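For reference, start.txt is printed below; it contains compact mmCIF, C-alpha atoms and all ligand atoms.
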```
# COMPACT_ATOMS: atom_id res chain seq x y z
CA LYS A 1 -17.48 -6.80 14.26
CA GLU A 2 -20.02 -6.07 11.51
CA GLN A 3 -17.43 -6.27 8.72
CA ARG A 4 -16.45 -9.80 9.74
CA GLN A 5 -19.82 -11.15 8.71
CA TRP A 6 -18.65 -10.44 5.12
CA ARG A 7 -16.09 -13.24 5.32
CA ASP A 8 -15.38 -13.53 1.63
CA ILE A 9 -14.59 -11.25 -1.28
CA ARG A 10 -15.09 -11.90 -4.99
CA LEU A 11 -12.88 -10.41 -7.65
CA ALA A 12 -13.01 -10.30 -11.49
CA GLY A 13 -9.90 -9.34 -13.53
CA LEU A 14 -6.47 -10.45 -12.36
CA GLY A 15 -4.06 -7.86 -13.74
CA LEU A 16 -1.89 -5.56 -11.67
CA ILE A 17 -4.77 -4.16 -9.62
CA GLY A 18 -6.84 -7.35 -9.21
CA ARG A 19 -3.79 -9.17 -7.83
CA SER A 20 -3.02 -6.36 -5.38
CA PHE A 21 -6.59 -6.31 -4.09
CA ALA A 22 -6.60 -10.11 -3.72
CA MET A 23 -3.43 -9.85 -1.60
CA LEU A 24 -4.73 -7.00 0.54
CA PHE A 25 -7.97 -8.85 1.32
CA ALA A 26 -6.20 -12.17 2.00
CA ALA A 27 -3.72 -10.43 4.33
CA ALA A 28 -6.69 -9.14 6.34
CA GLY A 29 -7.97 -12.73 6.66
CA TYR A 30 -10.68 -12.75 3.98
CA GLN A 31 -11.38 -15.67 1.66
CA VAL A 32 -10.95 -14.31 -1.87
CA LYS A 33 -12.49 -15.97 -4.93
CA ILE A 34 -10.85 -14.77 -8.14
CA TYR A 35 -11.97 -14.92 -11.79
CA ASP A 36 -10.44 -13.86 -15.12
CA ILE A 37 -11.66 -14.30 -18.68
CA GLU A 38 -8.21 -15.75 -19.52
CA ALA A 39 -7.94 -19.02 -17.61
CA SER A 40 -4.11 -18.78 -17.71
CA GLN A 41 -4.31 -15.46 -15.82
CA ILE A 42 -5.57 -17.32 -12.74
CA THR A 43 -2.50 -19.57 -12.65
CA HIS A 44 -0.22 -16.61 -13.39
CA ALA A 45 -1.87 -14.51 -10.69
CA LEU A 46 -1.52 -17.23 -8.05
CA SER A 47 2.17 -17.76 -8.79
CA ASP A 48 2.89 -14.03 -9.02
CA ILE A 49 1.08 -13.42 -5.71
CA TRP A 50 3.21 -16.16 -4.10
CA GLN A 51 6.40 -14.45 -5.33
CA GLN A 52 5.16 -11.08 -4.08
CA LEU A 53 4.34 -12.55 -0.65
CA ILE A 54 7.87 -13.98 -0.40
CA GLU A 55 9.30 -10.58 -1.33
CA LEU A 56 7.10 -8.71 1.20
CA GLN A 57 8.15 -11.11 3.93
CA LYS A 58 11.82 -10.66 3.00
CA ILE A 59 11.62 -6.87 3.32
CA GLY A 60 9.53 -7.01 6.50
CA LEU A 61 6.37 -5.54 4.97
CA LEU A 62 4.06 -8.54 5.10
CA ARG A 63 0.65 -7.37 6.28
CA GLY A 64 -1.59 -8.95 8.91
CA SER A 65 -0.82 -11.80 11.26
CA LEU A 66 -1.17 -14.74 8.84
CA SER A 67 1.80 -16.61 7.37
CA ILE A 68 2.45 -16.32 3.63
CA GLU A 69 1.16 -19.90 3.19
CA GLU A 70 -2.09 -19.03 5.01
CA GLN A 71 -2.54 -15.83 2.99
CA HIS A 72 -1.96 -17.64 -0.30
CA LYS A 73 -4.37 -20.43 0.64
CA ARG A 74 -7.13 -17.88 1.15
CA ILE A 75 -7.09 -17.00 -2.55
CA GLU A 76 -8.94 -19.45 -4.78
CA GLY A 77 -9.51 -19.31 -8.57
CA THR A 78 -12.62 -20.10 -10.59
CA ASN A 79 -13.29 -20.14 -14.36
CA ASP A 80 -16.94 -19.23 -13.93
CA ILE A 81 -17.96 -15.62 -13.28
CA THR A 82 -21.41 -16.66 -12.05
CA GLU A 83 -19.89 -18.98 -9.47
CA CYS A 84 -17.45 -16.22 -8.56
CA ALA A 85 -20.10 -13.58 -7.87
CA LYS A 86 -22.96 -15.70 -6.52
CA GLY A 87 -23.87 -15.03 -2.90
CA ALA A 88 -21.09 -12.45 -2.54
CA PHE A 89 -21.16 -9.75 0.13
CA PHE A 90 -18.59 -7.65 -1.73
CA VAL A 91 -17.56 -8.11 -5.35
CA ILE A 92 -14.98 -5.99 -7.14
CA GLU A 93 -14.37 -5.81 -10.89
CA CYS A 94 -10.81 -4.95 -12.00
CA VAL A 95 -10.93 -5.38 -15.80
CA PRO A 96 -9.32 -2.89 -18.24
CA GLU A 97 -10.61 0.70 -18.42
CA ARG A 98 -12.99 0.19 -21.35
CA ILE A 99 -16.66 0.88 -20.82
CA GLU A 100 -17.91 -2.08 -22.90
CA LEU A 101 -15.68 -4.51 -20.95
CA LYS A 102 -16.78 -3.14 -17.59
CA THR A 103 -20.51 -3.09 -18.40
CA GLY A 104 -20.18 -6.59 -19.92
CA VAL A 105 -18.72 -7.99 -16.69
CA HIS A 106 -21.27 -6.18 -14.50
CA ALA A 107 -24.14 -7.49 -16.64
CA LYS A 108 -23.00 -10.99 -15.61
CA ILE A 109 -22.46 -10.14 -11.94
CA ASP A 110 -25.73 -8.21 -11.49
CA PRO A 111 -28.25 -11.09 -11.85
CA VAL A 112 -26.52 -13.40 -9.34
CA VAL A 113 -25.86 -11.04 -6.44
CA SER A 114 -28.27 -10.31 -3.58
CA ASP A 115 -29.99 -7.00 -2.80
CA THR A 116 -27.39 -6.31 -0.09
CA THR A 117 -24.22 -7.16 -2.05
CA ILE A 118 -21.91 -4.21 -2.65
CA ILE A 119 -20.76 -4.14 -6.28
CA ALA A 120 -17.49 -2.28 -6.85
CA SER A 121 -15.22 -1.34 -9.75
CA SER A 122 -11.57 -0.30 -9.58
CA ALA A 123 -12.12 2.17 -12.47
CA SER A 124 -9.56 5.00 -12.75
CA ALA A 125 -11.69 7.57 -14.52
CA LEU A 126 -14.96 6.07 -15.78
CA ILE A 127 -17.72 7.52 -13.64
CA PRO A 128 -19.94 5.12 -11.67
CA SER A 129 -23.22 6.28 -13.27
CA LYS A 130 -21.88 5.32 -16.71
CA ILE A 131 -20.83 1.82 -15.61
CA SER A 132 -23.90 1.06 -13.51
CA GLN A 133 -26.85 2.87 -15.16
CA ASN A 134 -28.44 -0.29 -16.57
CA LEU A 135 -27.92 -2.59 -13.60
CA LYS A 136 -30.82 -3.90 -11.55
CA HIS A 137 -28.61 -3.44 -8.47
CA ARG A 138 -27.23 -0.04 -9.45
CA ASN A 139 -28.17 1.21 -5.97
CA ARG A 140 -25.36 -1.04 -4.62
CA PHE A 141 -22.64 0.26 -6.99
CA ILE A 142 -19.48 2.16 -6.04
CA VAL A 143 -16.08 2.87 -7.60
CA VAL A 144 -13.14 1.87 -5.39
CA HIS A 145 -10.15 3.46 -7.13
CA PRO A 146 -6.76 2.41 -5.69
CA THR A 147 -3.39 4.09 -6.23
CA ASN A 148 -0.55 2.15 -7.81
CA PRO A 149 1.32 0.35 -6.28
CA PRO A 150 -1.42 -0.22 -3.64
CA PHE A 151 0.96 -1.81 -1.09
CA TYR A 152 3.05 1.36 -0.90
CA ALA A 153 0.51 4.06 -1.85
CA PRO A 154 -2.53 3.32 0.31
CA LEU A 155 -4.95 5.97 -0.99
CA VAL A 156 -8.29 4.66 -2.28
CA GLU A 157 -10.88 7.00 -3.81
CA LEU A 158 -14.46 5.98 -3.10
CA VAL A 159 -16.97 7.29 -5.64
CA PRO A 160 -20.54 6.14 -5.03
CA SER A 161 -23.01 5.97 -7.91
CA PRO A 162 -25.60 8.80 -7.72
CA TRP A 163 -28.24 6.16 -6.84
CA ALA A 164 -26.19 4.36 -4.14
CA ASP A 165 -28.01 3.36 -0.93
CA SER A 166 -26.87 5.19 2.18
CA ASP A 167 -25.04 2.15 3.63
CA VAL A 168 -22.81 1.60 0.56
CA VAL A 169 -20.22 4.29 1.38
CA PRO A 170 -19.81 3.61 5.14
CA LYS A 171 -19.58 -0.16 4.64
CA THR A 172 -17.06 0.13 1.81
CA LYS A 173 -15.04 2.71 3.76
CA ALA A 174 -14.88 0.42 6.81
CA LEU A 175 -13.76 -2.49 4.62
CA VAL A 176 -11.05 -0.43 2.90
CA GLU A 177 -9.77 0.77 6.28
CA GLU A 178 -9.81 -2.76 7.62
CA ILE A 179 -7.44 -3.94 4.87
CA GLY A 180 -5.02 -1.15 5.79
CA GLN A 181 -5.71 1.32 2.96
CA SER A 182 -6.64 5.04 3.31
CA PRO A 183 -10.01 5.92 1.80
CA VAL A 184 -11.29 9.33 0.73
CA VAL A 185 -14.93 9.81 -0.25
CA LEU A 186 -16.10 11.93 -3.18
CA LYS A 187 -19.43 13.57 -2.37
CA LYS A 188 -20.42 13.54 -6.05
CA GLU A 189 -19.02 11.77 -9.10
CA LYS A 190 -16.65 13.80 -11.26
CA GLU A 191 -14.73 12.64 -14.30
CA GLY A 192 -11.16 11.64 -13.39
CA PHE A 193 -12.12 11.72 -9.70
CA VAL A 194 -9.65 13.77 -7.64
CA LEU A 195 -6.25 12.09 -7.84
CA ASN A 196 -6.19 12.10 -11.63
CA ARG A 197 -7.61 15.61 -11.90
CA ILE A 198 -4.74 16.90 -9.74
CA GLN A 199 -2.22 14.67 -11.52
CA TYR A 200 -3.32 15.88 -14.96
CA SER A 201 -3.17 19.51 -13.91
CA ILE A 202 0.48 18.86 -12.99
CA ILE A 203 1.09 17.06 -16.28
CA LYS A 204 -0.39 20.00 -18.22
CA GLU A 205 2.00 22.49 -16.63
CA CYS A 206 5.05 20.17 -16.97
CA PHE A 207 4.32 19.70 -20.68
CA ASN A 208 3.89 23.39 -21.33
CA LEU A 209 7.06 24.35 -19.43
CA VAL A 210 9.09 21.82 -21.45
CA LYS A 211 7.43 22.79 -24.73
CA ASP A 212 8.22 26.47 -24.14
CA ASP A 213 11.82 25.44 -23.38
CA ILE A 214 11.73 26.92 -19.88
CA ILE A 215 13.22 23.78 -18.31
CA SER A 216 14.60 20.35 -19.29
CA VAL A 217 12.61 17.13 -18.90
CA GLU A 218 15.03 15.88 -16.25
CA ASP A 219 14.81 19.09 -14.22
CA VAL A 220 11.02 19.39 -14.36
CA ASP A 221 10.86 15.90 -12.81
CA LYS A 222 13.42 16.99 -10.22
CA VAL A 223 11.07 19.81 -9.16
CA MET A 224 8.65 17.07 -8.10
CA SER A 225 11.04 14.45 -6.68
CA GLU A 226 13.37 16.82 -4.81
CA GLY A 227 10.86 19.58 -4.09
CA LEU A 228 7.08 19.29 -4.05
CA GLY A 229 7.04 15.49 -3.76
CA ARG A 230 9.11 15.46 -0.58
CA ARG A 231 6.37 17.39 1.21
CA TYR A 232 3.49 15.63 -0.52
CA ALA A 233 4.54 12.27 0.96
CA PHE A 234 3.42 13.65 4.34
CA ILE A 235 1.20 16.72 3.91
CA GLY A 236 -1.09 17.97 1.15
CA GLN A 237 -1.22 21.36 -0.58
CA MET A 238 -3.73 22.88 1.86
CA GLU A 239 -1.59 22.13 4.92
CA THR A 240 1.56 23.13 3.02
CA ASP A 241 0.12 26.63 2.53
CA TYR A 242 -1.08 26.79 6.13
CA LEU A 243 2.41 25.95 7.42
CA ASN A 244 4.28 28.14 4.89
CA ALA A 245 2.79 31.23 6.56
CA ASP A 246 1.10 31.73 9.92
CA GLY A 247 -2.11 30.01 8.86
CA MET A 248 -4.32 30.35 5.81
CA ARG A 249 -5.33 33.99 6.32
CA ASP A 250 -1.71 35.09 6.61
CA HIS A 251 -0.84 32.97 3.55
CA SER A 252 -3.55 34.75 1.61
CA LYS A 253 -2.21 38.19 2.61
CA LYS A 254 1.26 37.21 1.45
CA PHE A 255 0.59 35.05 -1.61
CA ALA A 256 -3.02 35.28 -2.87
CA GLU A 257 -2.25 37.92 -5.51
CA MET A 258 0.74 36.02 -6.86
CA SER A 259 -1.14 32.72 -6.83
CA TYR A 260 -4.06 34.22 -8.76
CA ARG A 261 -1.76 35.95 -11.28
CA LEU A 262 0.15 32.70 -11.96
CA GLN A 263 -3.02 30.63 -12.28
CA LYS A 264 -4.40 33.10 -14.80
CA SER A 265 -1.19 32.78 -16.84
CA PHE A 266 -1.56 29.01 -17.35
CA LYS A 267 -1.81 27.91 -20.96
CA PRO A 268 -4.49 25.59 -22.30
CA PRO A 269 -3.70 21.84 -22.33
CA ILE A 270 -1.68 20.26 -25.12
CA LYS A 271 -2.04 16.70 -26.35
CA MET A 272 0.65 14.15 -25.55
CA GLU A 273 1.63 13.61 -29.19
CA GLY A 274 3.91 14.73 -32.03
CA GLU A 275 7.19 16.58 -31.55
CA ILE A 276 6.82 17.31 -27.84
CA LEU A 277 5.99 13.67 -27.05
CA ASP A 278 9.04 12.54 -29.02
CA LYS A 279 11.32 15.01 -27.24
CA ILE A 280 10.15 13.98 -23.77
CA HIS A 281 10.37 10.26 -24.58
CA LYS A 282 13.92 10.53 -26.00
CA ASP A 283 15.13 12.61 -23.06
CA ILE A 284 13.94 10.07 -20.49
CA GLU A 285 15.13 7.14 -22.62
CA LYS A 286 18.72 8.43 -22.35
CA ARG A 287 18.53 7.89 -18.57
CA ILE A 288 16.19 4.90 -18.56
CA PRO A 289 16.36 2.77 -21.74
CA LEU A 290 13.17 0.77 -22.42
CA ASP A 291 14.97 -2.53 -21.71
CA LYS A 292 15.78 -1.26 -18.19
CA LEU A 293 12.18 -0.50 -17.15
CA GLN A 294 11.85 -3.49 -14.83
CA GLU A 295 15.12 -2.59 -13.12
CA ARG A 296 13.96 1.00 -12.63
CA ARG A 297 10.54 -0.14 -11.32
CA ARG A 298 12.35 -2.31 -8.76
CA TRP A 299 14.52 0.68 -7.82
CA ARG A 300 11.34 2.76 -7.31
CA ASP A 301 9.52 0.06 -5.34
CA LYS A 302 12.51 -0.46 -3.04
CA ARG A 303 12.40 3.21 -2.11
CA LEU A 304 8.63 3.24 -1.74
CA ALA A 305 8.91 0.20 0.53
CA ALA A 306 11.54 1.94 2.68
CA LEU A 307 9.32 5.04 2.92
CA GLU A 308 6.32 2.89 3.90
CA LYS A 309 8.42 1.23 6.61
CA MET A 310 9.52 4.59 7.94
CA ILE A 311 5.93 5.90 8.00
CA ARG A 312 4.78 2.75 9.83
CA THR A 313 7.54 3.23 12.43
CA MET A 314 6.88 6.94 12.97
CA GLY A 315 3.08 6.73 12.68
CA LYS A 316 0.89 8.48 10.12
CA LYS A 317 -0.06 11.47 12.24
P1 LIG A 401 -4.55 -5.17 -16.51
O1 LIG A 401 -4.60 -4.97 -17.98
O2 LIG A 401 -3.24 -5.37 -15.83
O3 LIG A 401 -5.49 -6.42 -16.12
C1 LIG A 401 -6.81 -6.58 -16.55
C2 LIG A 401 -7.22 -8.05 -16.36
O4 LIG A 401 -8.60 -8.17 -16.70
C3 LIG A 401 -6.45 -9.03 -17.26
O5 LIG A 401 -6.00 -10.13 -16.48
C4 LIG A 401 -7.52 -9.48 -18.28
O6 LIG A 401 -7.33 -10.83 -18.73
C5 LIG A 401 -8.79 -9.36 -17.45
N1 LIG A 401 -10.02 -9.24 -18.24
C6 LIG A 401 -10.21 -8.60 -19.43
N2 LIG A 401 -11.50 -8.73 -19.80
C7 LIG A 401 -12.13 -9.45 -18.83
C8 LIG A 401 -13.45 -9.91 -18.65
N3 LIG A 401 -14.39 -9.64 -19.55
N4 LIG A 401 -13.74 -10.65 -17.55
C9 LIG A 401 -12.78 -10.92 -16.63
N5 LIG A 401 -11.50 -10.51 -16.75
C10 LIG A 401 -11.18 -9.78 -17.84
O7 LIG A 401 -5.33 -3.93 -15.87
P2 LIG A 401 -5.03 -3.16 -14.48
O8 LIG A 401 -3.90 -2.22 -14.64
O9 LIG A 401 -5.04 -4.13 -13.36
O10 LIG A 401 -6.35 -2.23 -14.39
C11 LIG A 401 -7.63 -2.74 -14.05
C12 LIG A 401 -8.54 -1.57 -13.69
O11 LIG A 401 -8.00 -0.87 -12.57
C13 LIG A 401 -8.71 -0.53 -14.80
O12 LIG A 401 -9.99 0.03 -14.73
C14 LIG A 401 -7.67 0.51 -14.44
O13 LIG A 401 -7.97 1.77 -14.97
C15 LIG A 401 -7.78 0.49 -12.92
N6 LIG A 401 -6.59 0.99 -12.22
C16 LIG A 401 -5.33 0.75 -12.70
C17 LIG A 401 -4.22 1.29 -12.06
C18 LIG A 401 -2.84 1.05 -12.59
O14 LIG A 401 -1.94 1.81 -12.25
N7 LIG A 401 -2.60 0.01 -13.37
C19 LIG A 401 -4.37 2.12 -10.84
C20 LIG A 401 -5.74 2.22 -10.37
C21 LIG A 401 -6.81 1.68 -11.05
```

Would you mind giving the structure from this file in structure tokens?
Ligand code: NAI
Amino acid sequence: KEQRQWRDIRLAGLGLIGRSFAMLFAAAGYQVKIYDIEASQITHALSDIWQQLIELQKIGLLRGSLSIEEQHKRIEGTNDITECAKGAFFVIECVPERIELKTGVHAKIDPVVSDTTIIASSASALIPSKISQNLKHRNRFIVVHPTNPPFYAPLVELVPSPWADSDVVPKTKALVEEIGQSPVVLKKEKEGFVLNRIQYSIIKECFNLVKDDIISVEDVDKVMSEGLGRRYAFIGQMETDYLNADGMRDHSKKFAEMSYRLQKSFKPPIKMEGEILDKIHKDIEKRIPLDKLQERRRWRDKRLAALEKMIRTMGKK
């Protein structure tokens, strides 16, 4: 298989996302060389990944056919970014979302990669042209934006740089599929990509509804978790509309006027600050105090893991 000639993956930045990518690649059998500017992060990452592998095995969600020992052995640290990137077929940068950090790391990767290396970034919102404009190999650059937590939310947005060669998208897409994630491809770059544009449009409406005292913070979240979110785990908005009537044309006859009227009534965005921020924070804090965040994250991940298991059993389609 063409992808197999890639053999190894190089990764810079070992926070939440870098660690997840290292695990996903190792589970698919790749050798993964990892680098972080903080030497201690490499040791932390390796021990955290070991704990996560044990946990995944315990809940029956270990990926691939390799044992946890074999997966862990495939991940190897280095303190030298040049050594990390040199000769790579695929290198992914996962450092914090600050343009000067990202361009700084890519300026070090760029001179040591070959003309066929694919250079990726896990950026959440920074557009690829901004990160890659000054690179010699900018024609090999693509954003590979995962969803958190990647083990339970497999979507990956692929956003090629405007100057990307024609093989960059299909090769990256095949690689992302091979490690068990679900890619979507943006035809053009757009700030915030698609996931965050949709997410922020939801945030805008939630904020305004709470600010205008139409609904409580707890209940506006319930609209998502008990209502919209239940469907969204399986079908998107387009298919939801299609199924809620007898197809899209019938949906339009029944709901287009109302939909247009409501959309026109939306208020402009408000900043997450001041009184409204304080109100929302305090309301949630009553249910989830800040010292219980880890507990609540575990509660969430347990449910996401159970959902993932169910989807694997029933099949995606
Ligand atoms: P993080 O803050 O958890 O980890 C960043 C890591 O990069 C740290 O280990 C840090 O020591 C290292 N680092 C900083 N400067 C560096 C440099 N110059 N060279 C090498 N390593 C360096 O960040 P996180 O959450 O993993 O995010 C990484 C990227 O992925 C960001 O662009 C973020 O927007 C994106 N992302 C984050 C998601 C999330 O939910 N956390 C979801 C999807 C994408």

Report the closest atom pair, with its distance in Å rounded to one decimal, for each residue of chain A that has an atom no farther than 7 Å from ligand LIG 401 (chain A); count all atoms listed in the file, sort by chain and then rising residue number, and write it as CSV.
```
residue,atom,partner,partner_atom,distance
A:Ala12,CA,A:LIG401,C9,5.2
A:Gly13,CA,A:LIG401,O4,3.6
A:Leu14,CA,A:LIG401,O5,4.2
A:Gly15,CA,A:LIG401,O3,3.1
A:Leu16,CA,A:LIG401,O9,3.9
A:Ile17,CA,A:LIG401,O9,3.7
A:Gly18,CA,A:LIG401,O9,5.6
A:Tyr35,CA,A:LIG401,C9,6.3
A:Asp36,CA,A:LIG401,N5,3.9
A:Ile37,CA,A:LIG401,C9,4.1
A:Glu38,CA,A:LIG401,O6,5.1
A:Gln41,CA,A:LIG401,O5,5.6
A:Cys94,CA,A:LIG401,C11,4.4
A:Val95,CA,A:LIG401,O4,3.7
A:Pro96,CA,A:LIG401,C13,4.2
A:Glu97,CA,A:LIG401,O12,3.8
A:Leu101,CA,A:LIG401,N3,5.5
A:Gly104,CA,A:LIG401,N3,6.6
A:Val105,CA,A:LIG401,N3,5.4
A:Ser122,CA,A:LIG401,O11,4.7
A:Ala123,CA,A:LIG401,O12,3.8
A:Ser124,CA,A:LIG401,O13,4.2
A:Ala125,CA,A:LIG401,O13,6.9
A:His145,CA,A:LIG401,C21,5.4
A:Pro146,CA,A:LIG401,C20,4.8
A:Thr147,CA,A:LIG401,C19,5.1
A:Asn148,CA,A:LIG401,O14,4.7
A:Pro149,CA,A:LIG401,O14,7.0
```

> A:Gln71, A:Ser201, A:Gln181, A:Gln31: which is nearest A:Asp8, counting all atoms listed in the file?
Replying inline: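 Nearest to A:Asp8: A:Gln31.
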
> Got a sec: who's within 6 Å of A:Ser121, counting only C-alpha atoms, leaving out chain neighbours fewer than 5 positions off, as a ChimeraX atom specification?
Replying inline: /A:92-93,143-144

> Residues at most 9 Å from A:Ile68, counting all atoms listed in the file, excluding those fewer than 2 positions away in the same chain, as a PyMOL selection string?
Replying inline: chain A and resi 27+50+53-54+57+62+66+70-73

>> Restricting the calculation to all atoms listed in the file: of A:Leu277, A:Val223, A:Met314, A:Ala120, which residue gets closest to A:Val176?
In response: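 Checking each candidate against A:Val176, we get A:Ala120 as the closest.
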
> Do you know which residues lie at most 12 Å from (9.5, 21.0, -23.7), with coordinates as in the file and only C-alpha atoms counted, and could you write them as an MDAnalysis selection string?
Replying inline: chainID A and resid 203:220 270 272 274:283

Any chance you can output those residues with C-alpha atoms as a PDB file, in the coordinates of the input?
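Result file follows (selection-v6.pdb):
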```pdb
ATOM      1  CA  ILE A 203       1.090  17.060 -16.280  1.00  0.00           C
ATOM      2  CA  LYS A 204      -0.390  20.000 -18.220  1.00  0.00           C
ATOM      3  CA  GLU A 205       2.000  22.490 -16.630  1.00  0.00           C
ATOM      4  CA  CYS A 206       5.050  20.170 -16.970  1.00  0.00           C
ATOM      5  CA  PHE A 207       4.320  19.700 -20.680  1.00  0.00           C
ATOM      6  CA  ASN A 208       3.890  23.390 -21.330  1.00  0.00           C
ATOM      7  CA  LEU A 209       7.060  24.350 -19.430  1.00  0.00           C
ATOM      8  CA  VAL A 210       9.090  21.820 -21.450  1.00  0.00           C
ATOM      9  CA  LYS A 211       7.430  22.790 -24.730  1.00  0.00           C
ATOM     10  CA  ASP A 212       8.220  26.470 -24.140  1.00  0.00           C
ATOM     11  CA  ASP A 213      11.820  25.440 -23.380  1.00  0.00           C
ATOM     12  CA  ILE A 214      11.730  26.920 -19.880  1.00  0.00           C
ATOM     13  CA  ILE A 215      13.220  23.780 -18.310  1.00  0.00           C
ATOM     14  CA  SER A 216      14.600  20.350 -19.290  1.00  0.00           C
ATOM     15  CA  VAL A 217      12.610  17.130 -18.900  1.00  0.00           C
ATOM     16  CA  GLU A 218      15.030  15.880 -16.250  1.00  0.00           C
ATOM     17  CA  ASP A 219      14.810  19.090 -14.220  1.00  0.00           C
ATOM     18  CA  VAL A 220      11.020  19.390 -14.360  1.00  0.00           C
ATOM     19  CA  ILE A 270      -1.680  20.260 -25.120  1.00  0.00           C
ATOM     20  CA  MET A 272       0.650  14.150 -25.550  1.00  0.00           C
ATOM     21  CA  GLY A 274       3.910  14.730 -32.030  1.00  0.00           C
ATOM     22  CA  GLU A 275       7.190  16.580 -31.550  1.00  0.00           C
ATOM     23  CA  ILE A 276       6.820  17.310 -27.840  1.00  0.00           C
ATOM     24  CA  LEU A 277       5.990  13.670 -27.050  1.00  0.00           C
ATOM     25  CA  ASP A 278       9.040  12.540 -29.020  1.00  0.00           C
ATOM     26  CA  LYS A 279      11.320  15.010 -27.240  1.00  0.00           C
ATOM     27  CA  ILE A 280      10.150  13.980 -23.770  1.00  0.00           C
ATOM     28  CA  HIS A 281      10.370  10.260 -24.580  1.00  0.00           C
ATOM     29  CA  LYS A 282      13.920  10.530 -26.000  1.00  0.00           C
ATOM     30  CA  ASP A 283      15.130  12.610 -23.060  1.00  0.00           C
TER      31      ASP A 283
END
```

Determine, counting all atoms listed in the file, which protein, DNA and RNA residues have an atom within 12 Å of an atom of A:Leu304; residues of the same chain fewer than 2 positions away are not included. Present the result as a compact mmCIF listing (two decimals) with C-alpha atoms, in the frame of the given file.
```
# COMPACT_ATOMS: atom_id res chain seq x y z
CA ILE A 59 11.62 -6.87 3.32
CA LEU A 61 6.37 -5.54 4.97
CA ASN A 148 -0.55 2.15 -7.81
CA PRO A 149 1.32 0.35 -6.28
CA PRO A 150 -1.42 -0.22 -3.64
CA PHE A 151 0.96 -1.81 -1.09
CA TYR A 152 3.05 1.36 -0.90
CA ALA A 153 0.51 4.06 -1.85
CA PRO A 154 -2.53 3.32 0.31
CA ALA A 233 4.54 12.27 0.96
CA ARG A 297 10.54 -0.14 -11.32
CA ARG A 298 12.35 -2.31 -8.76
CA TRP A 299 14.52 0.68 -7.82
CA ARG A 300 11.34 2.76 -7.31
CA ASP A 301 9.52 0.06 -5.34
CA LYS A 302 12.51 -0.46 -3.04
CA ALA A 306 11.54 1.94 2.68
CA LEU A 307 9.32 5.04 2.92
CA GLU A 308 6.32 2.89 3.90
CA LYS A 309 8.42 1.23 6.61
CA MET A 310 9.52 4.59 7.94
CA ILE A 311 5.93 5.90 8.00
```

>> What's the separation between atom CA of A:Asn139 and atom CA of A:Ala164, in Å to one decimal place?
In response: 4.1 Å

> When distances are computed from only C-alpha atoms, which of A:Ile75, A:Ile131, A:Ile118, A:Val194 shows the smallest separation from A:Asp167?
Replying inline: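 Using only C-alpha atoms, A:Asp167 sits closest to A:Ile118.
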
> What is the distance, in Å and to one decimal place, between atom CA of A:Arg63 and atom CA of A:Arg140?
Replying inline: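 One can read the atom CA of A:Arg63 to atom CA of A:Arg140 distance as 28.9 Å.
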
>> One decimal, in Å: what's the spacing between atom CA of A:Ala305 and atom CA of A:Phe21?
In response: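 Computing it gives 17.4 Å between the two atoms.
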
> For A:Asp115, which of A:Val32, A:Leu135, A:Ile127, A:Met238 is the closest residue, counting all atoms listed in the file?
Replying inline: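 Of A:Val32, A:Leu135, A:Ile127, A:Met238, the one nearest A:Asp115 is A:Leu135, counting all atoms listed in the file.
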
> Near A:Ser161, counting all atoms listed in the file, which residues have an atom at most 6 Å away, once you skip same-chain residues fewer than 2 positions from it, shown as a list in words?
Replying inline: Pro128, Ser129, Phe141, Ile142, Trp163 and Ala164 of chain A

> Counting all atoms listed in the file, which of A:Lys292, A:Arg19, A:Lys286, A:Arg10 gets nearest to A:Val113?
Replying inline: A:Arg10

> Pick the closest to A:Ile99 from A:Ile119, A:Val156, A:Val169, A:Leu126: which is it, counting only C-alpha atoms?
Replying inline: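 Checking each of A:Ile119, A:Val156, A:Val169, A:Leu126 against A:Ile99, counting only C-alpha atoms, the winner is A:Leu126.
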